[in-house]
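To be precise, the following lines are model_4.cif, and they hold mmCIF, C-alpha atoms and all ligand atoms.
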```
data_data
loop_
_atom_site.group_PDB
_atom_site.id
_atom_site.type_symbol
_atom_site.label_atom_id
_atom_site.label_comp_id
_atom_site.auth_asym_id
_atom_site.auth_seq_id
_atom_site.Cartn_x
_atom_site.Cartn_y
_atom_site.Cartn_z
ATOM 1 C CA MET V 103 33.241 -9.678 39.276
ATOM 2 C CA HIS V 104 29.872 -11.420 39.435
ATOM 3 C CA SER V 105 30.242 -15.199 39.436
ATOM 4 C CA GLU V 106 27.156 -15.613 37.220
ATOM 5 C CA SER V 107 28.840 -13.676 34.419
ATOM 6 C CA ARG V 108 31.333 -16.515 33.974
ATOM 7 C CA LEU V 109 28.658 -19.110 33.285
ATOM 8 C CA ALA V 110 28.733 -20.800 29.915
ATOM 9 C CA PRO V 111 26.265 -19.424 27.360
ATOM 10 C CA LYS V 112 22.805 -20.961 27.652
ATOM 11 C CA PRO V 113 21.719 -23.171 24.733
ATOM 12 C CA VAL V 114 18.194 -22.531 23.458
ATOM 13 C CA ILE V 115 16.083 -24.532 21.060
ATOM 14 C CA THR V 116 14.563 -22.625 18.151
ATOM 15 C CA ILE V 117 12.621 -23.760 15.115
ATOM 16 C CA PHE V 118 15.936 -23.521 13.299
ATOM 17 C CA GLY V 119 17.809 -25.830 15.693
ATOM 18 C CA THR V 120 20.032 -25.295 18.713
ATOM 19 C CA ILE V 121 21.779 -21.982 19.000
ATOM 20 C CA THR V 122 23.349 -20.081 21.847
ATOM 21 C CA THR V 123 21.977 -16.791 23.040
ATOM 22 C CA LEU V 124 23.667 -14.264 25.272
ATOM 23 C CA SER V 125 21.180 -13.344 27.942
ATOM 24 C CA ARG V 126 22.344 -10.726 30.433
ATOM 25 C CA ARG V 127 22.980 -13.449 33.011
ATOM 26 C CA HIS V 128 25.003 -15.603 30.635
ATOM 27 C CA ARG V 129 27.368 -13.187 28.921
ATOM 28 C CA VAL V 130 30.977 -14.389 29.212
ATOM 29 C CA THR V 131 32.480 -10.971 29.941
ATOM 30 C CA ASP V 132 32.095 -8.369 32.671
ATOM 31 C CA ASN V 133 32.498 -5.559 30.168
ATOM 32 C CA PRO V 134 29.223 -3.739 29.645
ATOM 33 C CA PRO V 135 27.366 -4.249 26.379
ATOM 34 C CA LEU V 136 27.110 -1.212 24.131
ATOM 35 C CA TYR V 137 23.876 0.556 24.975
ATOM 36 C CA HIS V 138 21.952 0.018 21.720
ATOM 37 C CA ILE V 139 23.472 -3.024 20.016
ATOM 38 C CA GLY V 140 23.510 -4.945 23.303
ATOM 39 C CA PHE V 141 26.928 -6.625 23.100
ATOM 40 C CA CYS V 142 30.583 -5.637 23.387
ATOM 41 C CA ALA V 143 33.856 -6.572 21.658
ATOM 42 C CA GLU V 144 34.594 -9.427 24.094
ATOM 43 C CA ASP V 145 31.291 -11.104 23.195
ATOM 44 C CA LEU V 146 32.695 -11.645 19.686
ATOM 45 C CA GLY V 147 35.085 -14.339 20.890
ATOM 46 C CA PRO V 148 38.733 -15.134 20.189
ATOM 47 C CA THR V 149 38.536 -14.608 16.401
ATOM 48 C CA PRO V 150 36.199 -11.643 16.152
ATOM 49 C CA PRO V 151 34.679 -10.683 12.804
ATOM 50 C CA THR V 152 35.667 -7.362 11.233
ATOM 51 C CA THR V 153 32.953 -7.592 8.550
ATOM 52 C CA ALA V 154 29.234 -7.068 9.132
ATOM 53 C CA LEU V 155 26.208 -7.561 6.911
ATOM 54 C CA LEU V 156 23.795 -4.853 8.033
ATOM 55 C CA CYS V 157 20.055 -5.170 7.333
ATOM 56 C CA GLY V 158 17.261 -2.710 7.974
ATOM 57 C CA ALA V 159 14.964 -5.517 9.134
ATOM 58 C CA PRO V 160 15.814 -7.874 12.040
ATOM 59 C CA GLU V 161 14.077 -10.725 10.188
ATOM 60 C CA ARG V 162 16.604 -10.379 7.352
ATOM 61 C CA ALA V 163 19.577 -10.518 9.757
ATOM 62 C CA ARG V 164 17.990 -13.639 11.236
ATOM 63 C CA GLN V 165 17.492 -15.145 7.789
ATOM 64 C CA ILE V 166 21.180 -14.630 7.032
ATOM 65 C CA ALA V 167 22.098 -16.287 10.329
ATOM 66 C CA MET V 168 19.665 -19.187 10.395
ATOM 67 C CA ALA V 169 18.584 -19.954 6.858
ATOM 68 C CA SER V 170 21.425 -19.206 4.448
ATOM 69 C CA GLU V 171 23.529 -21.794 2.683
ATOM 70 C CA GLY V 172 27.102 -21.981 3.947
ATOM 71 C CA VAL V 173 26.400 -20.002 7.141
ATOM 72 C CA SER V 174 26.644 -21.422 10.685
ATOM 73 C CA CYS V 175 25.251 -19.352 13.516
ATOM 74 C CA GLN V 176 27.567 -19.467 16.565
ATOM 75 C CA LYS V 177 25.323 -17.366 18.775
ATOM 76 C CA THR V 178 22.636 -14.736 18.955
ATOM 77 C CA LEU V 179 24.480 -11.724 20.340
ATOM 78 C CA SER V 180 21.491 -9.540 21.113
ATOM 79 C CA GLU V 181 17.885 -8.783 20.284
ATOM 80 C CA ASN V 182 17.943 -5.458 22.118
ATOM 81 C CA ARG V 183 15.378 -2.996 20.644
ATOM 82 C CA GLY V 184 14.888 -5.377 17.711
ATOM 83 C CA LEU V 185 18.495 -4.697 16.650
ATOM 84 C CA ASN V 186 19.131 -8.426 16.256
ATOM 85 C CA SER V 187 22.738 -9.424 15.774
ATOM 86 C CA TYR V 188 24.310 -12.815 15.229
ATOM 87 C CA LEU V 189 27.871 -14.133 15.313
ATOM 88 C CA LEU V 190 28.435 -16.366 12.281
ATOM 89 C CA THR V 191 31.017 -18.526 10.573
ATOM 90 C CA LEU V 192 31.030 -18.904 6.796
ATOM 91 C CA ASP V 193 31.817 -22.176 5.042
ATOM 92 C CA THR V 194 35.209 -20.623 4.209
ATOM 93 C CA GLY V 195 35.958 -20.376 7.945
ATOM 94 C CA GLN V 196 35.570 -16.587 7.962
ATOM 95 C CA PRO V 197 33.901 -15.045 11.014
ATOM 96 C CA LEU V 198 31.043 -12.695 10.132
ATOM 97 C CA LEU V 199 28.466 -10.554 11.910
ATOM 98 C CA ALA V 200 24.859 -10.208 10.759
ATOM 99 C CA ALA V 201 23.314 -7.115 12.327
ATOM 100 C CA THR V 202 20.273 -4.840 12.133
ATOM 101 C CA SER V 203 20.334 -1.098 11.503
ATOM 102 C CA GLY V 204 16.619 -0.442 11.881
ATOM 103 C CA MET V 205 14.894 1.783 9.345
ATOM 104 C CA GLY V 206 16.376 5.132 8.370
ATOM 105 C CA ALA V 207 19.591 7.040 8.922
ATOM 106 C CA PRO V 208 19.211 8.080 12.597
ATOM 107 C CA SER V 209 18.962 4.453 13.728
ATOM 108 C CA LEU V 210 21.663 3.310 11.295
ATOM 109 C CA SER V 211 24.057 6.012 12.529
ATOM 110 C CA ILE V 212 23.778 4.763 16.130
ATOM 111 C CA VAL V 213 24.275 1.113 15.193
ATOM 112 C CA VAL V 214 27.212 1.827 12.874
ATOM 113 C CA ASN V 215 28.921 3.950 15.528
ATOM 114 C CA GLU V 216 28.665 1.091 18.030
ATOM 115 C CA LEU V 217 29.681 -1.580 15.496
ATOM 116 C CA TYR V 218 32.823 0.455 14.816
ATOM 117 C CA SER V 219 33.489 0.546 18.572
ATOM 118 C CA VAL V 220 33.410 -3.258 18.772
ATOM 119 C CA GLY V 221 35.923 -3.590 15.908
ATOM 120 C CA ILE V 222 33.849 -3.812 12.717
ATOM 121 C CA ARG V 223 35.768 -2.283 9.810
ATOM 122 C CA ARG V 224 33.753 -3.397 6.779
ATOM 123 C CA ILE V 225 29.994 -2.994 6.505
ATOM 124 C CA ILE V 226 27.824 -4.199 3.653
ATOM 125 C CA ARG V 227 24.229 -3.036 3.788
ATOM 126 C CA VAL V 228 21.863 -5.794 2.655
ATOM 127 C CA GLY V 229 18.646 -3.930 2.052
ATOM 128 C CA THR V 230 15.571 -3.439 -0.083
ATOM 129 C CA CYS V 231 14.672 -0.583 -2.396
ATOM 130 C CA GLY V 232 12.338 0.804 -5.026
ATOM 131 C CA SER V 233 13.514 1.122 -8.617
ATOM 132 C CA ILE V 234 12.892 4.393 -10.471
ATOM 133 C CA GLN V 235 14.259 3.202 -13.837
ATOM 134 C CA GLU V 236 12.283 1.117 -16.311
ATOM 135 C CA HIS V 237 15.166 -1.326 -16.918
ATOM 136 C CA VAL V 238 15.735 -2.056 -13.183
ATOM 137 C CA LYS V 239 13.157 -4.762 -12.568
ATOM 138 C CA VAL V 240 11.490 -5.933 -9.363
ATOM 139 C CA GLY V 241 13.339 -9.025 -8.055
ATOM 140 C CA SER V 242 16.742 -7.838 -9.304
ATOM 141 C CA VAL V 243 19.401 -6.237 -7.076
ATOM 142 C CA VAL V 244 20.964 -2.786 -7.127
ATOM 143 C CA ILE V 245 24.570 -2.350 -6.024
ATOM 144 C CA SER V 246 25.157 1.270 -5.027
ATOM 145 C CA TYR V 247 28.568 2.700 -5.810
ATOM 146 C CA ALA V 248 27.522 6.115 -4.476
ATOM 147 C CA ALA V 249 24.461 7.877 -3.139
ATOM 148 C CA LEU V 250 22.666 11.153 -3.451
ATOM 149 C CA CYS V 251 22.363 11.648 0.308
ATOM 150 C CA ARG V 252 19.226 13.615 1.254
ATOM 151 C CA GLN V 253 19.469 12.565 4.906
ATOM 152 C CA GLY V 254 19.450 14.724 8.015
ATOM 153 C CA ALA V 255 21.503 12.402 10.216
ATOM 154 C CA ALA V 256 24.411 12.542 7.765
ATOM 155 C CA ASN V 257 24.592 16.319 8.239
ATOM 156 C CA ASP V 258 25.549 15.759 11.889
ATOM 157 C CA ILE V 259 28.530 13.716 10.732
ATOM 158 C CA ALA V 260 29.901 15.502 7.657
ATOM 159 C CA PRO V 261 29.085 18.568 5.527
ATOM 160 C CA VAL V 262 26.222 18.144 3.097
ATOM 161 C CA GLU V 263 28.689 18.271 0.157
ATOM 162 C CA TYR V 264 30.797 15.405 1.585
ATOM 163 C CA PRO V 265 30.862 12.460 -0.867
ATOM 164 C CA ALA V 266 28.672 9.483 -0.075
ATOM 165 C CA ALA V 267 30.751 6.842 -1.848
ATOM 166 C CA ALA V 268 30.996 3.085 -1.414
ATOM 167 C CA ASP V 269 34.329 1.281 -1.274
ATOM 168 C CA PRO V 270 35.028 0.500 -4.958
ATOM 169 C CA TYR V 271 36.487 -2.932 -4.122
ATOM 170 C CA ILE V 272 33.298 -3.908 -2.301
ATOM 171 C CA SER V 273 31.128 -2.645 -5.167
ATOM 172 C CA VAL V 274 33.146 -4.659 -7.691
ATOM 173 C CA ALA V 275 33.048 -7.734 -5.433
ATOM 174 C CA LEU V 276 29.250 -7.415 -5.159
ATOM 175 C CA GLY V 277 28.914 -7.036 -8.946
ATOM 176 C CA ASN V 278 31.149 -10.037 -9.607
ATOM 177 C CA ALA V 279 29.255 -12.091 -7.016
ATOM 178 C CA ALA V 280 25.915 -11.298 -8.671
ATOM 179 C CA ALA V 281 27.346 -12.226 -12.076
ATOM 180 C CA ARG V 282 28.706 -15.556 -10.766
ATOM 181 C CA LEU V 283 25.298 -16.338 -9.257
ATOM 182 C CA HIS V 284 23.482 -15.278 -12.458
ATOM 183 C CA ILE V 285 21.399 -12.765 -10.525
ATOM 184 C CA ASP V 286 20.008 -9.818 -12.484
ATOM 185 C CA HIS V 287 21.934 -6.814 -11.098
ATOM 186 C CA HIS V 288 22.654 -3.148 -11.698
ATOM 187 C CA LEU V 289 25.607 -1.097 -10.460
ATOM 188 C CA GLY V 290 24.854 2.581 -10.089
ATOM 189 C CA LEU V 291 23.677 5.594 -8.122
ATOM 190 C CA THR V 292 21.102 5.442 -5.338
ATOM 191 C CA ALA V 293 18.937 8.148 -3.764
ATOM 192 C CA SER V 294 19.017 7.768 0.040
ATOM 193 C CA VAL V 295 16.200 9.735 1.630
ATOM 194 C CA ASP V 296 14.623 10.084 5.064
ATOM 195 C CA SER V 297 11.071 8.994 4.412
ATOM 196 C CA PHE V 298 9.388 6.139 2.595
ATOM 197 C CA TYR V 299 6.222 8.064 1.652
ATOM 198 C CA GLU V 300 6.700 11.827 1.143
ATOM 199 C CA GLY V 301 10.450 11.650 0.460
ATOM 200 C CA GLN V 302 9.960 8.999 -2.229
ATOM 201 C CA GLU V 303 7.059 10.947 -3.760
ATOM 202 C CA ARG V 304 4.357 8.463 -2.767
ATOM 203 C CA VAL V 305 0.831 9.829 -2.934
ATOM 204 C CA ASP V 306 -1.511 6.976 -3.986
ATOM 205 C CA THR V 307 -0.417 4.642 -1.159
ATOM 206 C CA SER V 308 0.236 7.381 1.429
ATOM 207 C CA ALA V 309 -2.105 8.570 4.167
ATOM 208 C CA ASN V 310 -0.864 12.056 3.333
ATOM 209 C CA ARG V 311 -2.131 13.082 -0.085
ATOM 210 C CA TYR V 312 -0.420 16.479 0.108
ATOM 211 C CA LEU V 313 3.105 16.558 -1.225
ATOM 212 C CA MET V 314 5.118 19.731 -0.761
ATOM 213 C CA ARG V 315 5.940 21.499 -4.015
ATOM 214 C CA GLN V 316 9.656 20.846 -3.638
ATOM 215 C CA LEU V 317 9.013 17.072 -3.769
ATOM 216 C CA GLN V 318 6.538 17.090 -6.656
ATOM 217 C CA GLY V 319 8.367 15.675 -9.684
ATOM 218 C CA ILE V 320 11.479 14.703 -7.705
ATOM 219 C CA THR V 321 11.370 11.079 -8.913
ATOM 220 C CA GLU V 322 11.359 12.139 -12.562
ATOM 221 C CA GLU V 323 14.223 14.518 -11.824
ATOM 222 C CA TYR V 324 16.269 11.740 -10.200
ATOM 223 C CA ARG V 325 15.411 9.422 -13.099
ATOM 224 C CA ARG V 326 16.888 11.948 -15.509
ATOM 225 C CA LEU V 327 19.962 12.216 -13.277
ATOM 226 C CA ASN V 328 20.491 8.465 -13.835
ATOM 227 C CA ILE V 329 19.707 7.479 -10.276
ATOM 228 C CA LEU V 330 18.550 3.867 -10.153
ATOM 229 C CA ASN V 331 16.647 3.505 -6.907
ATOM 230 C CA TYR V 332 15.310 4.858 -3.619
ATOM 231 C CA GLU V 333 16.210 3.533 -0.171
ATOM 232 C CA MET V 334 16.830 5.015 3.262
ATOM 233 C CA GLU V 335 20.294 4.202 4.688
ATOM 234 C CA ALA V 336 23.149 3.852 2.168
ATOM 235 C CA GLY V 337 24.063 7.561 1.859
ATOM 236 C CA THR V 338 24.614 8.003 5.587
ATOM 237 C CA LEU V 339 26.475 4.680 5.811
ATOM 238 C CA PHE V 340 28.839 5.776 3.011
ATOM 239 C CA LYS V 341 29.511 9.169 4.585
ATOM 240 C CA MET V 342 30.194 7.528 7.956
ATOM 241 C CA ALA V 343 32.623 5.149 6.238
ATOM 242 C CA GLY V 344 34.563 8.105 4.836
ATOM 243 C CA VAL V 345 34.677 9.964 8.150
ATOM 244 C CA TYR V 346 35.299 7.021 10.513
ATOM 245 C CA GLY V 347 37.674 5.163 8.186
ATOM 246 C CA PHE V 348 35.957 1.860 7.412
ATOM 247 C CA SER V 349 34.851 0.381 4.101
ATOM 248 C CA ALA V 350 31.219 0.137 3.070
ATOM 249 C CA GLY V 351 29.054 -1.237 0.298
ATOM 250 C CA CYS V 352 25.376 -1.745 -0.382
ATOM 251 C CA VAL V 353 23.247 -4.283 -2.204
ATOM 252 C CA CYS V 354 19.461 -3.968 -2.220
ATOM 253 C CA GLY V 355 16.743 -6.242 -3.569
ATOM 254 C CA VAL V 356 14.202 -4.329 -5.671
ATOM 255 C CA LEU V 357 10.686 -4.545 -4.156
ATOM 256 C CA ALA V 358 8.891 -1.782 -6.041
ATOM 257 C CA GLY V 359 8.992 -0.734 -9.684
ATOM 258 C CA ARG V 360 8.146 2.928 -9.446
ATOM 259 C CA THR V 361 7.782 3.464 -13.194
ATOM 260 C CA ALA V 362 4.667 1.271 -12.961
ATOM 261 C CA SER V 363 3.418 1.524 -9.374
ATOM 262 C CA GLU V 364 4.155 2.854 -5.895
ATOM 263 C CA ALA V 365 3.262 -0.453 -4.278
ATOM 264 C CA ILE V 366 5.570 -3.161 -2.935
ATOM 265 C CA ASP V 367 5.426 -6.301 -5.070
ATOM 266 C CA GLY V 368 4.497 -9.002 -2.532
ATOM 267 C CA LYS V 369 5.077 -11.853 -4.990
ATOM 268 C CA LEU V 370 8.731 -11.029 -5.699
ATOM 269 C CA LYS V 371 9.642 -9.741 -2.224
ATOM 270 C CA ASP V 372 11.213 -12.970 -0.930
ATOM 271 C CA GLN V 373 13.141 -13.523 -4.139
ATOM 272 C CA ALA V 374 14.515 -9.965 -4.142
ATOM 273 C CA GLN V 375 15.665 -10.217 -0.514
ATOM 274 C CA SER V 376 17.219 -13.634 -0.875
ATOM 275 C CA ASN V 377 19.048 -12.453 -4.019
ATOM 276 C CA ALA V 378 20.549 -9.562 -2.047
ATOM 277 C CA ILE V 379 21.612 -11.906 0.770
ATOM 278 C CA ARG V 380 23.205 -14.431 -1.591
ATOM 279 C CA VAL V 381 25.116 -11.688 -3.426
ATOM 280 C CA ALA V 382 26.427 -10.207 -0.164
ATOM 281 C CA LEU V 383 27.572 -13.575 1.230
ATOM 282 C CA GLU V 384 29.270 -14.526 -2.030
ATOM 283 C CA ALA V 385 31.053 -11.159 -2.146
ATOM 284 C CA VAL V 386 32.320 -11.531 1.429
ATOM 285 C CA ARG V 387 33.813 -14.947 0.639
ATOM 286 C CA HIS V 388 35.892 -13.381 -2.126
ATOM 287 C CA LEU V 389 36.687 -10.093 -0.404
ATOM 288 C CA GLU V 390 38.077 -11.820 2.647
ATOM 289 C CA ASN V 391 40.170 -14.183 0.561
ATOM 290 C CA HIS V 392 41.776 -11.496 -1.543
ATOM 291 C CA MET V 393 41.592 -8.249 0.426
ATOM 292 C CA PRO V 394 41.897 -8.489 4.196
ATOM 293 C CA ALA V 395 40.179 -5.595 5.996
HETATM 294 O O1 LIG A 1 14.578 -3.362 3.892
HETATM 295 P P1 LIG A 1 15.462 -2.349 4.559
HETATM 296 O O2 LIG A 1 16.873 -2.778 4.700
HETATM 297 O O3 LIG A 1 14.855 -1.838 5.859
HETATM 298 O O4 LIG A 1 15.510 -1.077 3.544
HETATM 299 C C1 LIG A 1 14.419 -0.347 3.051
HETATM 300 O O5 LIG A 1 13.171 -0.700 3.624
HETATM 301 C C2 LIG A 1 12.756 0.290 4.601
HETATM 302 C C3 LIG A 1 11.475 0.948 4.128
HETATM 303 O O6 LIG A 1 10.500 -0.006 3.841
HETATM 304 C C4 LIG A 1 13.901 1.285 4.684
HETATM 305 O O7 LIG A 1 14.742 0.926 5.746
HETATM 306 C C5 LIG A 1 14.536 1.131 3.328
HETATM 307 O O8 LIG A 1 15.851 1.587 3.185
HETATM 308 O O1 LIG A 2 10.163 1.580 -2.576
HETATM 309 C C1 LIG A 2 10.897 1.222 -1.648
HETATM 310 C C2 LIG A 2 11.034 -0.143 -1.293
HETATM 311 C C3 LIG A 2 11.835 -0.465 -0.216
HETATM 312 N N1 LIG A 2 12.471 0.534 0.446
HETATM 313 C C4 LIG A 2 12.348 1.835 0.102
HETATM 314 O O2 LIG A 2 12.917 2.699 0.754
HETATM 315 N N2 LIG A 2 11.569 2.142 -0.938
#
```

Just dump the structure as structure tokens.
Ligand SMILES: O=P(O)(O)O[C@H]1O[C@H](CO)[C@@H](O)[C@H]1O
Ligand SMILES: O=c1cc[nH]c(=O)[nH]1
Amino acid sequence: MHSESRLAPKPVITIFGTITTLSRRHRVTDNPPLYHIGFCAEDLGPTPPTTALLCGAPERARQIAMASEGVSCQKTLSENRGLNSYLLTLDTGQPLLAATSGMGAPSLSIVVNELYSVGIRRIIRVGTCGSIQEHVKVGSVVISYAALCRQGAANDIAPVEYPAAADPYISVALGNAAARLHIDHHLGLTASVDSFYEGQERVDTSANRYLMRQLQGITEEYRRLNILNYEMEAGTLFKMAGVYGFSAGCVCGVLAGRTASEAIDGKLKDQAQSNAIRVALEAVRHLENHMPA
């Protein structure tokens, strides 16, 4: 045992106040951190969280931890590879993890595997998306109860036909949370794909103006199949939940209205993301109270 590993965590001053970060020298356990997420089960303390809010962007995980009402950040667990993760306590007393998946299913699959290893049993993706339906407006949130999963990583985990379904209790909790907060929301089907440009039929804003024939018209086809939105992680998360045996949900802020334009709406971006965060936090408060993981 190295004596330095028993040192108390080092306090650091950030623009958000004083928090504690777990540098390699100041971790309170000798157990090795998991290779990608950069922490292990013992780093989660005596009352470890079993629920994680999982964001594609590290800045969003940080926003949940440092700038959300009713959330206290106990410590920064890791910033390894930009997969920022934070140990939190909600105003209800519930422990919670805010973590980062990175963009796309391959990165998400690694992070989710390691989160499961450290004891996480409920994962709510807090993401962003593009709407493909006229009535799903930029700034609103989409709660995915299932996904059309056109993702390669998922095929390493389950057959292509395997259902990509959210936990119905989480989906209902997210819908009820959005209603309580008076946030414009839609509960429905999501298309989870592997690329932001070609896979979501972007041409005007893409460096690649050539779209393979099989993708030409795909957005209109999905629209007619009553799919609400495009994003890049939920399908694989849902399939992993089924195979591993944890519960999963997804709420995404709408950043692009694809019936009008391919572009991200910069003006409503912050509002859409903070709506998704507020809905997820409110849902967790009620899920934990009524349905222990
Ligand atoms: O904002 P996040 O959570 O990263 O989600 C969406 O944004 C990224 C693409 O811009 C993809 O990861 C997509 O799923
Ligand atoms: O259009 C969008 C916006 C965010 N994320 C996506 O995957 N697509």

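Close contacts of V:Ala350, defined as residues with an atom at most 6 Å away when counting only C-alpha atoms, with chain neighbours fewer than 6 positions off set aside, comprise Arg224, Ile225, Ile226, Ala268 and Asp269 of chain V.
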
Could you list, as a PyMOL selection string, every residue matched by the PyMOL selection byres (((chain V and resi 344-349) around 12) and not hetatm) in this structure? chain V and resi 152-154+211+214-219+221-227+247-248+256-261+264-273+337-343+350-352+389+393-395

Output for the residues just chosen: C-alpha atoms as a CSV table (one decimal), keeping the file's coordinate frame:
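Produced file part-v6.csv, reproduced below:
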```
chain,number,residue,atom,x,y,z
V,152,THR,CA,35.7,-7.4,11.2
V,153,THR,CA,33.0,-7.6,8.6
V,154,ALA,CA,29.2,-7.1,9.1
V,211,SER,CA,24.1,6.0,12.5
V,214,VAL,CA,27.2,1.8,12.9
V,215,ASN,CA,28.9,4.0,15.5
V,216,GLU,CA,28.7,1.1,18.0
V,217,LEU,CA,29.7,-1.6,15.5
V,218,TYR,CA,32.8,0.5,14.8
V,219,SER,CA,33.5,0.5,18.6
V,221,GLY,CA,35.9,-3.6,15.9
V,222,ILE,CA,33.8,-3.8,12.7
V,223,ARG,CA,35.8,-2.3,9.8
V,224,ARG,CA,33.8,-3.4,6.8
V,225,ILE,CA,30.0,-3.0,6.5
V,226,ILE,CA,27.8,-4.2,3.7
V,227,ARG,CA,24.2,-3.0,3.8
V,247,TYR,CA,28.6,2.7,-5.8
V,248,ALA,CA,27.5,6.1,-4.5
V,256,ALA,CA,24.4,12.5,7.8
V,257,ASN,CA,24.6,16.3,8.2
V,258,ASP,CA,25.5,15.8,11.9
V,259,ILE,CA,28.5,13.7,10.7
V,260,ALA,CA,29.9,15.5,7.7
V,261,PRO,CA,29.1,18.6,5.5
V,264,TYR,CA,30.8,15.4,1.6
V,265,PRO,CA,30.9,12.5,-0.9
V,266,ALA,CA,28.7,9.5,-0.1
V,267,ALA,CA,30.8,6.8,-1.8
V,268,ALA,CA,31.0,3.1,-1.4
V,269,ASP,CA,34.3,1.3,-1.3
V,270,PRO,CA,35.0,0.5,-5.0
V,271,TYR,CA,36.5,-2.9,-4.1
V,272,ILE,CA,33.3,-3.9,-2.3
V,273,SER,CA,31.1,-2.6,-5.2
V,337,GLY,CA,24.1,7.6,1.9
V,338,THR,CA,24.6,8.0,5.6
V,339,LEU,CA,26.5,4.7,5.8
V,340,PHE,CA,28.8,5.8,3.0
V,341,LYS,CA,29.5,9.2,4.6
V,342,MET,CA,30.2,7.5,8.0
V,343,ALA,CA,32.6,5.1,6.2
V,350,ALA,CA,31.2,0.1,3.1
V,351,GLY,CA,29.1,-1.2,0.3
V,352,CYS,CA,25.4,-1.7,-0.4
V,389,LEU,CA,36.7,-10.1,-0.4
V,393,MET,CA,41.6,-8.2,0.4
V,394,PRO,CA,41.9,-8.5,4.2
V,395,ALA,CA,40.2,-5.6,6.0
```

12 Å from ligand LIG 2 (chain A) is the threshold here; counting all atoms listed in the file, which polymer residues fall inside it? Answer as a count of residues only. 58

One-decimal distance in Å that lies between atom O4 of ligand LIG 1 (chain A) and atom CA of V:Cys175: 23.0 Å

If the PyMOL selection byres (((chain V and resi 381-387) around 9) and not hetatm) is run on the structure shown, which residues does it catch, given as a PyMOL selection string? chain V and resi 153+155+166+170+172-173+192-194+196+198+226-228+243+272+274-283+285+352-353+376-380+388-392

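Interatomic distance, atom CA of V:Glu171 against atom CA of V:Leu190: 12.1 Å.
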
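Counting only C-alpha atoms, the residue from V:Leu317, V:Leu136, V:Ile329, V:Ala167 that sits nearest to V:His237 is V:Ile329.
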
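Among the candidates V:Val305, V:Leu210, V:Cys251, V:Leu146, the one nearest to ligand LIG 1 (chain A) when counting only C-alpha atoms and all ligand atoms is V:Leu210.
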
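Distances from V:Pro151, V:Pro160, V:Gly184, V:Pro134 to ligand LIG 1 (chain A) were compared using all atoms listed in the file, and the smallest one belongs to V:Pro160.
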
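Between V:Arg162 and the residues V:Asn310, V:Ser187, V:Ser242, V:Thr131, the shortest atom-to-atom distance, using all atoms listed in the file, involves V:Ser187.
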
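The shortest atom-to-atom distance to V:Tyr324, with all atoms listed in the file taken into account, belongs to V:Leu250 out of V:Leu199, V:Leu250, V:Val213, V:Ala255.
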